[in-house]
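S.K.: My questions will all concern the structure given below.
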Amino acid sequence: MPKYIFVTGGVVSSIGKGLTSASIGMLLESRGLRVRMQKLDPYINVDPGTMSPYQHGEVYVLDDGSETDLDLGHYERFTRGLLNRDSNYTTGQIYLSVIEKERRGQFLGKTVQVIPHITNEIKESIQKLDDGNTDIVITEIGGTVGDIESLPFLEAIRQFPQDVGRENCLFIHLTLVPYLKAAAELKTKPTQHSVGLLRQIGIQPDILICRCEQSISREEQEKIALFCNVPIEAVIEEKDKDFSIYEVPLSLRDKKLDEQIIKKFGLPAQPCRLEAWDKLMHSLRHPEHEISIAVVGKYAEHRDAYKSIYESIDHAGIHHRAQVRIGRIQSSDIEEEGPENLLAGYDGILVPGGFGERGVEGKVTAIRYARERGVPFFGICLGMQCAVIEYGRNVMGLDRAHSTEFDKDSPHPVICLLDEQRNVTNLGGTMRLGAQPAVLAANSLAHHAYQSEAISERHRHRYEFNNLYRQQFEAQGMKFSGTSPDGQLVEIVELPGHPWFLAVQFHPEFKSKPTKAQPLFAGFIEAAISRRNKKRSTT
C-alpha cells in the first residue's frame with residue numbers, strides 16, 4: 001500500500017499549493033521514492049476545457065488527451081511520475097460519475113447522498129493512483145479551507161485514514177502568515193483560524209507550511225505550533241521567492257521537509273540528490289546572454305493563461321545560459337498601435353494559441369513583421385494558423401485568406417475544420433486532444449531541433465491547414481516540415497531562407513522541463529541569442 005499525502009490550503013486562494021505540492025514530489029523522488037500526484041478541484045465544471053483562461057488560466061493537456069488544471073503542469077515539470085486522467089478530478093466529474101451509476105441502478109434504490117456516495121467516489125478516485133508500483137501519492141485539494149465547495153473533498157480525506165490506516169496518511173496544510181506594515185509584525189491569527197476550521201472538520205494537520213513575506217521568528221513559530229497543535233519543527237517557513245520559483249524545492253529541502261515526511265512514514269530512503277537542480281539555479285544566477293522575447297497573444301496580460309509558454313521560454317533560457325526578458329503584448333494592441341511601436345527591439349516573437357476572433361489580425365500583423373524583418377518567429381497552434389493566413393495574404397496574394405473559424409465566407413479558407421470535428425456538437429473534451437505522432441522532413445529546422453525523424457507532441461485544436469492549398473503554398477516557398485504519419489495533417493511549417501521561422505499545430509510547451517528544455521523552444525531561443533549577438537557586433 002502506498003503512503004498518502006494530502007495538501008490543503010488556507011487563509012487565501014492562489015497561495016501556491018500546486019507549486020508546493022510539486023516541490024514535495026520532487027524532493028521525495030530525489031530520495032529514491034516513486035511518487036504520483038493528483039489535483040482535486042472543487043468547481044462543478046466537468047473539466048477546465050470550456051473555462052475562460054481569464055478565470056482559470058491555461059488548460060494543461062496530458063498525453064492521454066485529458067484537459068486538466070494548470071497545476072498539473074507544475075507536477076510534470078518537477079516530477080517524473082505518470083499523469084493521466086486519474087490525476088485530476090473536479091466536483092463535476094465526481095457528481096457526474098455518481099449520477100450515471102444511479103441511472104444504471106447500481107445503488108439498488110438507495111437514497112443517493114453526499115455521504116457516503118459522493119465521498120466514496122472521491123476516495124475511489126484517490127485510490128486509483130495505487131498502481132502497485134507507487135510509494136507515495138500526493139493529492140492536492142483545490143480551493144481554500146472554509147469554502148463550501150471544498151467540503152465534500154475535505155470530508156473524504158478525513159475519512160480516508162479510517163480506510164487505509166492513520167499511519168499511512170499525512171496532512172500538510174499550506175497557509176499564509178501576513179506581514180502588516182503598519183504594525184511592523186507578522187500575524188499568526190489567520191493561520192490559527194484556518195487550522196481551527198480544519199480541526200472542526202476532523203482533520204489535524206501534521207505539518208504546516210507557512211507562506212510569508214518576512215521571516216518567521218522562533219517565538220512566532222512556537223506560537224503557531226502551540227495553537228495549531230503541531231511540533232515546532234513541523235512549522236515550515238516558505239518565504240516568498242523574489243528570484244525564481246525554482247528556488248522553492250531547495251528552500252523546502254533546507255527546512256528538512258522531506259526528512260520529516262520520511263520520518264513520519266518510517267520509509268527507507270536515499271540521501272537527497274538535487275545536483276541537477278543546483279546546477280540549474282547556478283545557470284539562472286550566472287547568465288552569459290541577455291535577450292528579449294515578445295509573446296503576442298489574446299490573453300498576454302494574464303500570466304496564467306500562457307503559464308507553460310512562459311515556463312518553456314525560461315527553460316530554454318536556462319539551457320543556453322540566457323536571461324530572457326519576456327514582453328507580454330496584447331495582440332489587439334498591435335491592431336491599434338502597429339507592430340513598429342510595440343515589437344521593435346525584441347530578439348524574437350512568439351505567437352501562442354487561443355480561441356476566438358479578438359486579436360487575430362494583430363497576430364497576423366505581428367507575424368508579417370517578424371517575417372519581413374528577419375526576426376526569429378515561433379508560432380504555436382493558432383499561431384501556426386495565423387502564419388499560414390499571413391503568408392497566403394501577403395506573399396501568395398490570396399485575397400481575404402482566413403480560417404473558417406473566423407470567416408466562414410472567406411474565398412480562400414486556408415485553415416478549415418478538421419473532418420472529425422464536422423459533426424461535433426458538445427464543446428467539452430471533443431477537440432483533437434493529447435499525444436499525436438508526427439514525421440519530420442530531413443534537413444529542416446524541426447529535424448535539426450529534435451534530432452529525430454519521428455516525434456510525439458500534445459494537441460488541442462479543432463482547425464487545421466486546408467490541404468487544397470498545400471501545393472500552392474509549397475510552390476511559393478513554404479515548407480511543410482512535419483506531418484501526421486499518413487501525410488494528411490500539417491503539423492509544422494517553416495520558411496527556408498529566414499533566420500528562424502517555424503510554427504506548429506501542437507503544443508510543445510507541455511513537454512518542457514527546467515532540466516530539459518523542449519527542443520523547439522531551445523532552437524528558438526538560440527536563434528534569438530544569435531540575432532542579439534549579430535546586432536551587438538554590428539553596433
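Residue numbers start at 1 in each chain; chains themselves are named A, B, ... in the order of the C-alpha cells; ligands are numbered from 1 in the order shown.
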Could you pull out all residues of range 298-419 of chain A with a DSSP call of helix (DSSP H, G or I) and give them as a compact mmCIF listing (two decimals) with all heavy atoms, in the first residue's frame?
M.R.:
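Result saved to part-v6.txt:
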```txt
# COMPACT_ATOMS: atom_id res chain seq x y z
N ARG A 303 -1.01 36.24 -16.81
CA ARG A 303 0.17 35.38 -16.79
C ARG A 303 -0.18 33.90 -16.85
O ARG A 303 0.47 33.12 -17.55
CB ARG A 303 1.00 35.66 -15.53
CG ARG A 303 1.60 37.05 -15.47
CD ARG A 303 2.29 37.29 -14.15
NE ARG A 303 3.46 36.46 -14.01
CZ ARG A 303 4.70 36.85 -14.31
NH1 ARG A 303 4.91 38.05 -14.77
NH2 ARG A 303 5.72 36.03 -14.14
N ASP A 304 -1.22 33.48 -16.11
CA ASP A 304 -1.52 32.06 -16.03
C ASP A 304 -2.11 31.50 -17.32
O ASP A 304 -2.12 30.28 -17.52
CB ASP A 304 -2.47 31.78 -14.87
CG ASP A 304 -1.76 31.79 -13.52
OD1 ASP A 304 -0.52 31.83 -13.52
OD2 ASP A 304 -2.44 31.78 -12.48
N ALA A 305 -2.64 32.36 -18.20
CA ALA A 305 -3.24 31.87 -19.44
C ALA A 305 -2.19 31.23 -20.35
O ALA A 305 -2.50 30.33 -21.13
CB ALA A 305 -3.94 33.01 -20.18
N TYR A 306 -0.93 31.69 -20.26
CA TYR A 306 0.16 31.12 -21.05
C TYR A 306 1.26 30.60 -20.11
O TYR A 306 2.45 30.72 -20.40
CB TYR A 306 0.74 32.17 -22.00
CG TYR A 306 -0.24 32.71 -23.02
CD1 TYR A 306 -0.40 34.08 -23.19
CD2 TYR A 306 -1.01 31.86 -23.80
CE1 TYR A 306 -1.29 34.58 -24.12
CE2 TYR A 306 -1.90 32.36 -24.74
CZ TYR A 306 -2.04 33.71 -24.89
OH TYR A 306 -2.93 34.21 -25.81
N LYS A 307 0.85 30.02 -19.00
CA LYS A 307 1.80 29.60 -17.97
C LYS A 307 2.91 28.72 -18.54
O LYS A 307 4.10 28.96 -18.31
CB LYS A 307 1.05 28.85 -16.87
CG LYS A 307 1.89 28.45 -15.67
CD LYS A 307 2.26 29.66 -14.86
CE LYS A 307 2.96 29.29 -13.57
NZ LYS A 307 3.39 30.48 -12.82
N SER A 308 2.54 27.68 -19.28
CA SER A 308 3.54 26.75 -19.79
C SER A 308 4.42 27.38 -20.86
O SER A 308 5.59 27.00 -21.01
CB SER A 308 2.86 25.48 -20.33
OG SER A 308 2.25 24.75 -19.29
N ILE A 309 3.87 28.34 -21.61
CA ILE A 309 4.66 29.06 -22.61
C ILE A 309 5.80 29.81 -21.92
O ILE A 309 6.98 29.70 -22.30
CB ILE A 309 3.79 30.06 -23.39
CG1 ILE A 309 2.73 29.32 -24.23
CG2 ILE A 309 4.66 30.98 -24.25
CD1 ILE A 309 3.23 28.74 -25.51
N TYR A 310 5.45 30.58 -20.91
CA TYR A 310 6.46 31.37 -20.20
C TYR A 310 7.49 30.46 -19.52
O TYR A 310 8.69 30.76 -19.52
CB TYR A 310 5.80 32.28 -19.17
CG TYR A 310 4.86 33.31 -19.77
CD1 TYR A 310 3.66 33.63 -19.15
CD2 TYR A 310 5.15 33.94 -20.97
CE1 TYR A 310 2.79 34.58 -19.70
CE2 TYR A 310 4.30 34.88 -21.53
CZ TYR A 310 3.12 35.19 -20.88
OH TYR A 310 2.26 36.12 -21.44
N GLU A 311 7.02 29.37 -18.93
CA GLU A 311 7.95 28.44 -18.29
C GLU A 311 8.91 27.83 -19.31
O GLU A 311 10.11 27.70 -19.05
CB GLU A 311 7.17 27.32 -17.58
CG GLU A 311 6.36 27.78 -16.39
CD GLU A 311 7.22 28.18 -15.21
OE1 GLU A 311 8.02 27.35 -14.74
OE2 GLU A 311 7.14 29.34 -14.78
N SER A 312 8.38 27.46 -20.48
CA SER A 312 9.22 26.83 -21.51
C SER A 312 10.27 27.79 -22.04
O SER A 312 11.39 27.39 -22.36
CB SER A 312 8.34 26.32 -22.66
OG SER A 312 7.43 25.34 -22.20
N ILE A 313 9.90 29.07 -22.16
CA ILE A 313 10.90 30.07 -22.56
C ILE A 313 12.00 30.15 -21.52
O ILE A 313 13.20 30.21 -21.86
CB ILE A 313 10.21 31.45 -22.75
CG1 ILE A 313 9.28 31.42 -23.97
CG2 ILE A 313 11.26 32.55 -22.92
CD1 ILE A 313 8.44 32.67 -24.13
N ASP A 314 11.62 30.14 -20.24
CA ASP A 314 12.61 30.16 -19.17
C ASP A 314 13.52 28.92 -19.24
O ASP A 314 14.74 29.02 -19.04
CB ASP A 314 11.93 30.22 -17.80
CG ASP A 314 11.36 31.59 -17.49
OD1 ASP A 314 11.75 32.57 -18.16
OD2 ASP A 314 10.51 31.69 -16.59
N HIS A 315 12.93 27.76 -19.50
CA HIS A 315 13.72 26.53 -19.57
C HIS A 315 14.76 26.62 -20.69
O HIS A 315 15.91 26.21 -20.51
CB HIS A 315 12.82 25.32 -19.81
CG HIS A 315 11.75 25.14 -18.78
ND1 HIS A 315 10.64 24.34 -18.97
CD2 HIS A 315 11.61 25.68 -17.54
CE1 HIS A 315 9.88 24.39 -17.90
NE2 HIS A 315 10.45 25.19 -17.02
N ALA A 316 14.33 27.14 -21.84
CA ALA A 316 15.26 27.28 -22.95
C ALA A 316 16.34 28.30 -22.62
O ALA A 316 17.50 28.15 -23.02
CB ALA A 316 14.50 27.69 -24.22
N GLY A 317 15.97 29.35 -21.88
CA GLY A 317 16.96 30.32 -21.44
C GLY A 317 17.99 29.68 -20.52
O GLY A 317 19.20 29.92 -20.64
N ILE A 318 17.52 28.84 -19.59
CA ILE A 318 18.43 28.12 -18.70
C ILE A 318 19.37 27.25 -19.51
O ILE A 318 20.58 27.20 -19.26
CB ILE A 318 17.63 27.28 -17.69
CG1 ILE A 318 16.85 28.18 -16.73
CG2 ILE A 318 18.54 26.33 -16.91
CD1 ILE A 318 15.82 27.45 -15.89
N HIS A 319 18.82 26.56 -20.51
CA HIS A 319 19.61 25.66 -21.36
C HIS A 319 20.76 26.40 -22.03
O HIS A 319 21.87 25.85 -22.18
CB HIS A 319 18.69 25.02 -22.40
CG HIS A 319 19.39 24.11 -23.35
ND1 HIS A 319 19.80 22.84 -23.01
CD2 HIS A 319 19.78 24.29 -24.65
CE1 HIS A 319 20.39 22.27 -24.05
NE2 HIS A 319 20.39 23.13 -25.05
N SER A 331 -2.37 41.19 -28.50
CA SER A 331 -2.44 41.22 -29.97
C SER A 331 -3.40 42.29 -30.46
O SER A 331 -3.19 42.89 -31.52
CB SER A 331 -2.85 39.85 -30.50
OG SER A 331 -4.04 39.39 -29.89
N SER A 332 -4.45 42.59 -29.69
CA SER A 332 -5.39 43.64 -30.09
C SER A 332 -4.72 45.02 -30.06
O SER A 332 -5.10 45.92 -30.83
CB SER A 332 -6.62 43.63 -29.18
OG SER A 332 -6.25 43.73 -27.82
N ASP A 333 -3.71 45.19 -29.19
CA ASP A 333 -2.99 46.47 -29.15
C ASP A 333 -2.19 46.70 -30.43
O ASP A 333 -2.02 47.84 -30.87
CB ASP A 333 -2.06 46.51 -27.94
CG ASP A 333 -2.81 46.62 -26.62
OD1 ASP A 333 -4.00 46.95 -26.66
OD2 ASP A 333 -2.19 46.35 -25.58
N ILE A 334 -1.70 45.62 -31.02
CA ILE A 334 -0.94 45.76 -32.28
C ILE A 334 -1.86 46.24 -33.39
O ILE A 334 -1.45 47.02 -34.26
CB ILE A 334 -0.27 44.42 -32.65
CG1 ILE A 334 0.86 44.15 -31.65
CG2 ILE A 334 0.26 44.43 -34.08
CD1 ILE A 334 1.63 42.89 -31.91
N GLU A 335 -3.12 45.81 -33.36
CA GLU A 335 -4.08 46.29 -34.35
C GLU A 335 -4.26 47.80 -34.25
O GLU A 335 -4.45 48.47 -35.27
CB GLU A 335 -5.43 45.59 -34.15
CG GLU A 335 -5.38 44.08 -34.35
CD GLU A 335 -6.68 43.39 -33.99
OE1 GLU A 335 -7.69 44.10 -33.77
OE2 GLU A 335 -6.70 42.17 -33.92
N GLU A 336 -4.18 48.33 -33.04
CA GLU A 336 -4.43 49.76 -32.84
C GLU A 336 -3.16 50.61 -32.97
O GLU A 336 -3.20 51.71 -33.53
CB GLU A 336 -5.04 49.97 -31.45
CG GLU A 336 -6.39 49.29 -31.26
CD GLU A 336 -6.91 49.41 -29.84
OE1 GLU A 336 -6.25 50.10 -29.03
OE2 GLU A 336 -7.96 48.81 -29.53
N GLU A 337 -2.04 50.10 -32.48
CA GLU A 337 -0.83 50.91 -32.41
C GLU A 337 0.22 50.56 -33.46
O GLU A 337 1.16 51.33 -33.67
CB GLU A 337 -0.20 50.78 -31.01
CG GLU A 337 -1.13 51.22 -29.88
CD GLU A 337 -0.47 51.08 -28.52
OE1 GLU A 337 0.73 51.41 -28.42
OE2 GLU A 337 -1.16 50.65 -27.57
N PRO A 339 2.82 47.30 -35.30
CA PRO A 339 3.90 46.47 -34.78
C PRO A 339 5.19 47.24 -34.54
O PRO A 339 5.96 46.89 -33.64
CB PRO A 339 4.09 45.42 -35.89
CG PRO A 339 3.59 46.09 -37.13
CD PRO A 339 2.45 46.96 -36.69
N GLU A 340 5.44 48.29 -35.33
CA GLU A 340 6.69 49.05 -35.16
C GLU A 340 6.79 49.66 -33.77
O GLU A 340 7.87 49.74 -33.18
CB GLU A 340 6.81 50.14 -36.22
CG GLU A 340 7.00 49.63 -37.64
CD GLU A 340 5.69 49.19 -38.28
OE1 GLU A 340 4.62 49.39 -37.65
OE2 GLU A 340 5.72 48.66 -39.40
N ASN A 341 5.67 50.10 -33.24
CA ASN A 341 5.66 50.74 -31.92
C ASN A 341 5.80 49.74 -30.78
O ASN A 341 6.29 50.09 -29.70
CB ASN A 341 4.37 51.55 -31.73
CG ASN A 341 4.28 52.74 -32.66
OD1 ASN A 341 5.31 53.33 -33.00
ND2 ASN A 341 3.09 53.08 -33.08
N LEU A 342 5.36 48.51 -31.00
CA LEU A 342 5.29 47.55 -29.90
C LEU A 342 6.32 46.42 -29.99
O LEU A 342 6.65 45.80 -28.98
CB LEU A 342 3.89 46.94 -29.81
CG LEU A 342 2.75 47.92 -29.49
CD1 LEU A 342 1.41 47.20 -29.51
CD2 LEU A 342 2.97 48.58 -28.13
N LEU A 343 6.84 46.14 -31.18
CA LEU A 343 7.71 44.98 -31.36
C LEU A 343 9.17 45.33 -31.64
O LEU A 343 10.03 44.45 -31.63
CB LEU A 343 7.18 44.09 -32.50
CG LEU A 343 5.78 43.50 -32.30
CD1 LEU A 343 5.36 42.70 -33.51
CD2 LEU A 343 5.74 42.64 -31.04
N VAL A 360 -6.96 38.45 -33.55
CA VAL A 360 -6.36 37.60 -34.60
C VAL A 360 -5.59 38.45 -35.61
O VAL A 360 -4.48 38.11 -36.01
CB VAL A 360 -7.44 36.75 -35.30
CG1 VAL A 360 -6.90 36.14 -36.59
CG2 VAL A 360 -7.91 35.65 -34.37
N GLU A 361 -6.17 39.59 -36.02
CA GLU A 361 -5.49 40.42 -37.01
C GLU A 361 -4.19 41.00 -36.44
O GLU A 361 -3.22 41.21 -37.17
CB GLU A 361 -6.41 41.55 -37.48
CG GLU A 361 -7.62 41.06 -38.28
CD GLU A 361 -7.22 40.26 -39.52
OE1 GLU A 361 -6.19 40.60 -40.15
OE2 GLU A 361 -7.94 39.30 -39.86
N GLY A 362 -4.15 41.23 -35.14
CA GLY A 362 -2.92 41.68 -34.51
C GLY A 362 -1.84 40.60 -34.57
O GLY A 362 -0.66 40.91 -34.78
N LYS A 363 -2.24 39.36 -34.40
CA LYS A 363 -1.29 38.26 -34.51
C LYS A 363 -0.75 38.15 -35.94
O LYS A 363 0.46 37.97 -36.16
CB LYS A 363 -1.95 36.93 -34.10
CG LYS A 363 -2.34 36.86 -32.63
CD LYS A 363 -2.99 35.53 -32.29
CE LYS A 363 -3.39 35.47 -30.82
NZ LYS A 363 -3.97 34.18 -30.43
N VAL A 364 -1.65 38.26 -36.91
CA VAL A 364 -1.24 38.20 -38.32
C VAL A 364 -0.26 39.33 -38.63
O VAL A 364 0.76 39.12 -39.29
CB VAL A 364 -2.48 38.27 -39.22
CG1 VAL A 364 -2.06 38.42 -40.69
CG2 VAL A 364 -3.35 37.02 -39.05
N THR A 365 -0.53 40.50 -38.12
CA THR A 365 0.35 41.65 -38.35
C THR A 365 1.71 41.44 -37.71
O THR A 365 2.76 41.77 -38.30
CB THR A 365 -0.30 42.93 -37.80
OG1 THR A 365 -1.56 43.13 -38.43
CG2 THR A 365 0.58 44.14 -38.05
N ALA A 366 1.73 40.89 -36.48
CA ALA A 366 3.00 40.63 -35.80
C ALA A 366 3.83 39.61 -36.57
O ALA A 366 5.06 39.73 -36.67
CB ALA A 366 2.73 40.13 -34.38
N ILE A 367 3.17 38.61 -37.13
CA ILE A 367 3.89 37.57 -37.90
C ILE A 367 4.49 38.17 -39.17
O ILE A 367 5.62 37.85 -39.55
CB ILE A 367 2.94 36.40 -38.21
CG1 ILE A 367 2.54 35.70 -36.91
CG2 ILE A 367 3.59 35.42 -39.18
CD1 ILE A 367 1.40 34.72 -37.04
N ARG A 368 3.74 39.04 -39.82
CA ARG A 368 4.28 39.71 -41.02
C ARG A 368 5.53 40.52 -40.64
O ARG A 368 6.53 40.51 -41.38
CB ARG A 368 3.23 40.60 -41.65
CG ARG A 368 3.72 41.29 -42.92
CD ARG A 368 2.63 42.10 -43.59
NE ARG A 368 3.10 42.63 -44.87
CZ ARG A 368 2.35 43.34 -45.72
NH1 ARG A 368 1.08 43.59 -45.42
NH2 ARG A 368 2.87 43.77 -46.86
N TYR A 369 5.46 41.21 -39.53
CA TYR A 369 6.60 42.00 -39.06
C TYR A 369 7.81 41.09 -38.87
O TYR A 369 8.93 41.42 -39.30
CB TYR A 369 6.22 42.68 -37.74
CG TYR A 369 7.31 43.51 -37.12
CD1 TYR A 369 7.43 44.87 -37.41
CD2 TYR A 369 8.21 42.95 -36.22
CE1 TYR A 369 8.43 45.64 -36.82
CE2 TYR A 369 9.21 43.70 -35.63
CZ TYR A 369 9.32 45.05 -35.93
OH TYR A 369 10.31 45.80 -35.36
N ALA A 370 7.63 39.94 -38.22
CA ALA A 370 8.74 39.01 -37.98
C ALA A 370 9.28 38.45 -39.29
O ALA A 370 10.50 38.33 -39.49
CB ALA A 370 8.29 37.88 -37.07
N ARG A 371 8.39 38.10 -40.21
CA ARG A 371 8.81 37.51 -41.49
C ARG A 371 9.60 38.51 -42.32
O ARG A 371 10.66 38.18 -42.86
CB ARG A 371 7.59 37.01 -42.27
CG ARG A 371 7.93 36.42 -43.64
CD ARG A 371 6.69 35.93 -44.36
NE ARG A 371 5.71 36.98 -44.57
CZ ARG A 371 5.79 37.88 -45.56
NH1 ARG A 371 6.81 37.88 -46.40
NH2 ARG A 371 4.84 38.80 -45.70
N GLU A 372 9.11 39.73 -42.45
CA GLU A 372 9.74 40.71 -43.33
C GLU A 372 11.03 41.27 -42.76
O GLU A 372 11.92 41.69 -43.51
CB GLU A 372 8.76 41.84 -43.62
CG GLU A 372 7.56 41.41 -44.45
CD GLU A 372 6.59 42.54 -44.77
OE1 GLU A 372 6.65 43.59 -44.09
OE2 GLU A 372 5.77 42.35 -45.69
N ARG A 373 11.17 41.28 -41.44
CA ARG A 373 12.36 41.87 -40.81
C ARG A 373 13.35 40.82 -40.32
O ARG A 373 14.35 41.16 -39.69
CB ARG A 373 11.94 42.78 -39.65
CG ARG A 373 11.33 44.09 -40.15
CD ARG A 373 10.58 44.81 -39.05
NE ARG A 373 10.07 46.10 -39.50
CZ ARG A 373 9.01 46.25 -40.29
NH1 ARG A 373 8.35 45.18 -40.72
NH2 ARG A 373 8.60 47.46 -40.66
N LEU A 382 -2.88 28.20 -32.85
CA LEU A 382 -3.44 29.31 -33.61
C LEU A 382 -2.32 30.17 -34.19
O LEU A 382 -2.48 30.78 -35.25
CB LEU A 382 -4.36 30.15 -32.74
CG LEU A 382 -5.03 31.35 -33.40
CD1 LEU A 382 -5.84 30.94 -34.61
CD2 LEU A 382 -5.90 32.11 -32.41
N GLY A 383 -1.18 30.21 -33.53
CA GLY A 383 -0.03 30.93 -34.05
C GLY A 383 0.42 30.37 -35.40
O GLY A 383 0.84 31.13 -36.28
N MET A 384 0.36 29.05 -35.57
CA MET A 384 0.68 28.46 -36.87
C MET A 384 -0.39 28.82 -37.90
O MET A 384 -0.08 29.16 -39.05
CB MET A 384 0.78 26.94 -36.77
CG MET A 384 1.30 26.28 -38.06
SD MET A 384 0.94 24.52 -38.23
CE MET A 384 -0.60 24.57 -39.15
N GLN A 385 -1.63 28.75 -37.49
CA GLN A 385 -2.71 29.06 -38.43
C GLN A 385 -2.63 30.50 -38.89
O GLN A 385 -2.85 30.80 -40.07
CB GLN A 385 -4.05 28.76 -37.76
CG GLN A 385 -4.24 27.28 -37.42
CD GLN A 385 -5.47 27.00 -36.58
OE1 GLN A 385 -6.29 27.89 -36.34
NE2 GLN A 385 -5.60 25.76 -36.12
N CYS A 386 -2.29 31.41 -37.98
CA CYS A 386 -2.13 32.82 -38.36
C CYS A 386 -0.94 33.01 -39.29
O CYS A 386 -0.96 33.88 -40.17
CB CYS A 386 -1.98 33.68 -37.11
SG CYS A 386 -3.50 33.88 -36.16
N ALA A 387 0.12 32.21 -39.10
CA ALA A 387 1.27 32.29 -40.00
C ALA A 387 0.88 31.88 -41.42
O ALA A 387 1.33 32.49 -42.41
CB ALA A 387 2.40 31.40 -39.48
N VAL A 388 0.04 30.87 -41.53
CA VAL A 388 -0.45 30.43 -42.84
C VAL A 388 -1.34 31.51 -43.47
O VAL A 388 -1.22 31.82 -44.66
CB VAL A 388 -1.22 29.10 -42.70
CG1 VAL A 388 -1.97 28.76 -43.99
CG2 VAL A 388 -0.26 27.97 -42.32
N ILE A 389 -2.21 32.11 -42.66
CA ILE A 389 -3.09 33.17 -43.15
C ILE A 389 -2.26 34.35 -43.65
O ILE A 389 -2.49 34.89 -44.74
CB ILE A 389 -4.06 33.62 -42.03
CG1 ILE A 389 -5.05 32.50 -41.71
CG2 ILE A 389 -4.80 34.90 -42.43
CD1 ILE A 389 -5.84 32.72 -40.43
N GLU A 390 -1.27 34.76 -42.87
CA GLU A 390 -0.42 35.90 -43.25
C GLU A 390 0.31 35.62 -44.55
O GLU A 390 0.37 36.47 -45.45
CB GLU A 390 0.58 36.18 -42.13
CG GLU A 390 1.39 37.46 -42.30
CD GLU A 390 2.55 37.34 -43.25
OE1 GLU A 390 3.20 36.27 -43.28
OE2 GLU A 390 2.82 38.32 -43.99
N TYR A 391 0.87 34.43 -44.68
CA TYR A 391 1.63 34.08 -45.89
C TYR A 391 0.71 34.03 -47.11
O TYR A 391 1.07 34.50 -48.20
CB TYR A 391 2.31 32.73 -45.68
CG TYR A 391 3.49 32.49 -46.60
CD1 TYR A 391 4.72 33.09 -46.33
CD2 TYR A 391 3.38 31.66 -47.71
CE1 TYR A 391 5.81 32.86 -47.15
CE2 TYR A 391 4.46 31.42 -48.54
CZ TYR A 391 5.68 32.03 -48.26
OH TYR A 391 6.75 31.80 -49.09
N GLY A 392 -0.47 33.46 -46.90
CA GLY A 392 -1.43 33.39 -48.01
C GLY A 392 -1.82 34.77 -48.50
O GLY A 392 -1.89 35.03 -49.71
N ARG A 393 -2.07 35.69 -47.59
CA ARG A 393 -2.50 37.04 -47.97
C ARG A 393 -1.36 37.85 -48.59
O ARG A 393 -1.53 38.45 -49.67
CB ARG A 393 -3.00 37.79 -46.74
CG ARG A 393 -4.31 37.31 -46.17
CD ARG A 393 -4.64 38.16 -44.93
NE ARG A 393 -5.83 37.70 -44.22
CZ ARG A 393 -6.26 38.24 -43.09
NH1 ARG A 393 -5.58 39.23 -42.54
NH2 ARG A 393 -7.35 37.78 -42.50
N ASN A 394 -0.22 37.89 -47.91
CA ASN A 394 0.81 38.88 -48.23
C ASN A 394 1.93 38.38 -49.13
O ASN A 394 2.68 39.19 -49.68
CB ASN A 394 1.40 39.44 -46.94
CG ASN A 394 0.35 40.10 -46.06
OD1 ASN A 394 -0.47 40.87 -46.55
ND2 ASN A 394 0.34 39.76 -44.78
N ASP A 419 -11.89 17.23 -40.32
CA ASP A 419 -13.00 16.38 -40.78
C ASP A 419 -13.70 15.71 -39.60
O ASP A 419 -14.94 15.61 -39.57
CB ASP A 419 -12.48 15.31 -41.75
CG ASP A 419 -12.09 15.89 -43.10
OD1 ASP A 419 -12.58 17.01 -43.42
OD2 ASP A 419 -11.31 15.25 -43.82
```
S.K.: With DSSP run on the backbone, what are the strand (DSSP E) residues within range 176-329 of chain A? I'd like them as a PyMOL selection string.
M.R.: chain A and resi 176+179-180+185-186+207-212+235-239+289-297+322-329
S.K.: Compare A:Ile216, A:Ile141, A:Val112, A:Ile157 by their minimum atom-to-atom distance to Leu40 in chain A, counting only C-alpha atoms, and give me the closest one.
M.R.: A:Ile141
S.K.: Can you list, as JSON, numbers by chain, every protein, DNA or RNA residue that comes within 10 Å of Glu29 in chain A when you count only C-alpha atoms, leaving out same-chain residues fewer than 3 positions away?
M.R.: {"A": [23, 24, 25, 26, 32, 33, 34, 35, 36, 78, 79, 80, 81, 135, 136, 258, 269, 270, 272, 273, 274]}
S.K.: Give me the residues near Gly482 in chain A as a list in words, where near means some atom within 8 Å (using only C-alpha atoms) and where sequence neighbours in that chain fewer than 6 positions away do not count.
M.R.: Ala438, Val439, Leu440, Ala441, Ala446, Val490, Glu491, Ile492 and Val493 of chain A
S.K.: Go ahead and write the selection's residues with N, CA and C atoms as a PDB file, in the first residue's frame.
M.R.:
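And here is the file that came out, again_12.pdb:
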```pdb
ATOM      1  N   ALA A 438       4.079  12.448 -35.284  1.00  0.00           N
ATOM      2  CA  ALA A 438       4.369  13.216 -36.490  1.00  0.00           C
ATOM      3  C   ALA A 438       5.712  12.768 -37.040  1.00  0.00           C
ATOM      4  N   VAL A 439       5.884  12.946 -38.348  1.00  0.00           N
ATOM      5  CA  VAL A 439       7.159  12.647 -39.003  1.00  0.00           C
ATOM      6  C   VAL A 439       7.736  13.953 -39.524  1.00  0.00           C
ATOM      7  N   LEU A 440       9.070  14.068 -39.469  1.00  0.00           N
ATOM      8  CA  LEU A 440       9.741  15.312 -39.809  1.00  0.00           C
ATOM      9  C   LEU A 440      10.551  15.159 -41.099  1.00  0.00           C
ATOM     10  N   ALA A 441      10.585  16.226 -41.866  1.00  0.00           N
ATOM     11  CA  ALA A 441      11.358  16.245 -43.097  1.00  0.00           C
ATOM     12  C   ALA A 441      12.842  16.404 -42.782  1.00  0.00           C
ATOM     13  N   ALA A 446      12.969  21.777 -37.829  1.00  0.00           N
ATOM     14  CA  ALA A 446      12.359  20.869 -36.859  1.00  0.00           C
ATOM     15  C   ALA A 446      13.226  19.634 -36.653  1.00  0.00           C
ATOM     16  N   VAL A 490      -1.053  18.719 -41.610  1.00  0.00           N
ATOM     17  CA  VAL A 490       0.160  19.522 -41.482  1.00  0.00           C
ATOM     18  C   VAL A 490       0.386  19.842 -40.007  1.00  0.00           C
ATOM     19  N   GLU A 491       1.567  19.505 -39.505  1.00  0.00           N
ATOM     20  CA  GLU A 491       1.889  19.732 -38.095  1.00  0.00           C
ATOM     21  C   GLU A 491       2.914  20.849 -37.901  1.00  0.00           C
ATOM     22  N   ILE A 492       3.799  21.055 -38.891  1.00  0.00           N
ATOM     23  CA  ILE A 492       4.850  22.069 -38.762  1.00  0.00           C
ATOM     24  C   ILE A 492       5.053  22.764 -40.100  1.00  0.00           C
ATOM     25  N   VAL A 493       5.168  24.097 -40.068  1.00  0.00           N
ATOM     26  CA  VAL A 493       5.523  24.854 -41.270  1.00  0.00           C
ATOM     27  C   VAL A 493       6.782  25.673 -40.982  1.00  0.00           C
TER      28      VAL A 493
END
```
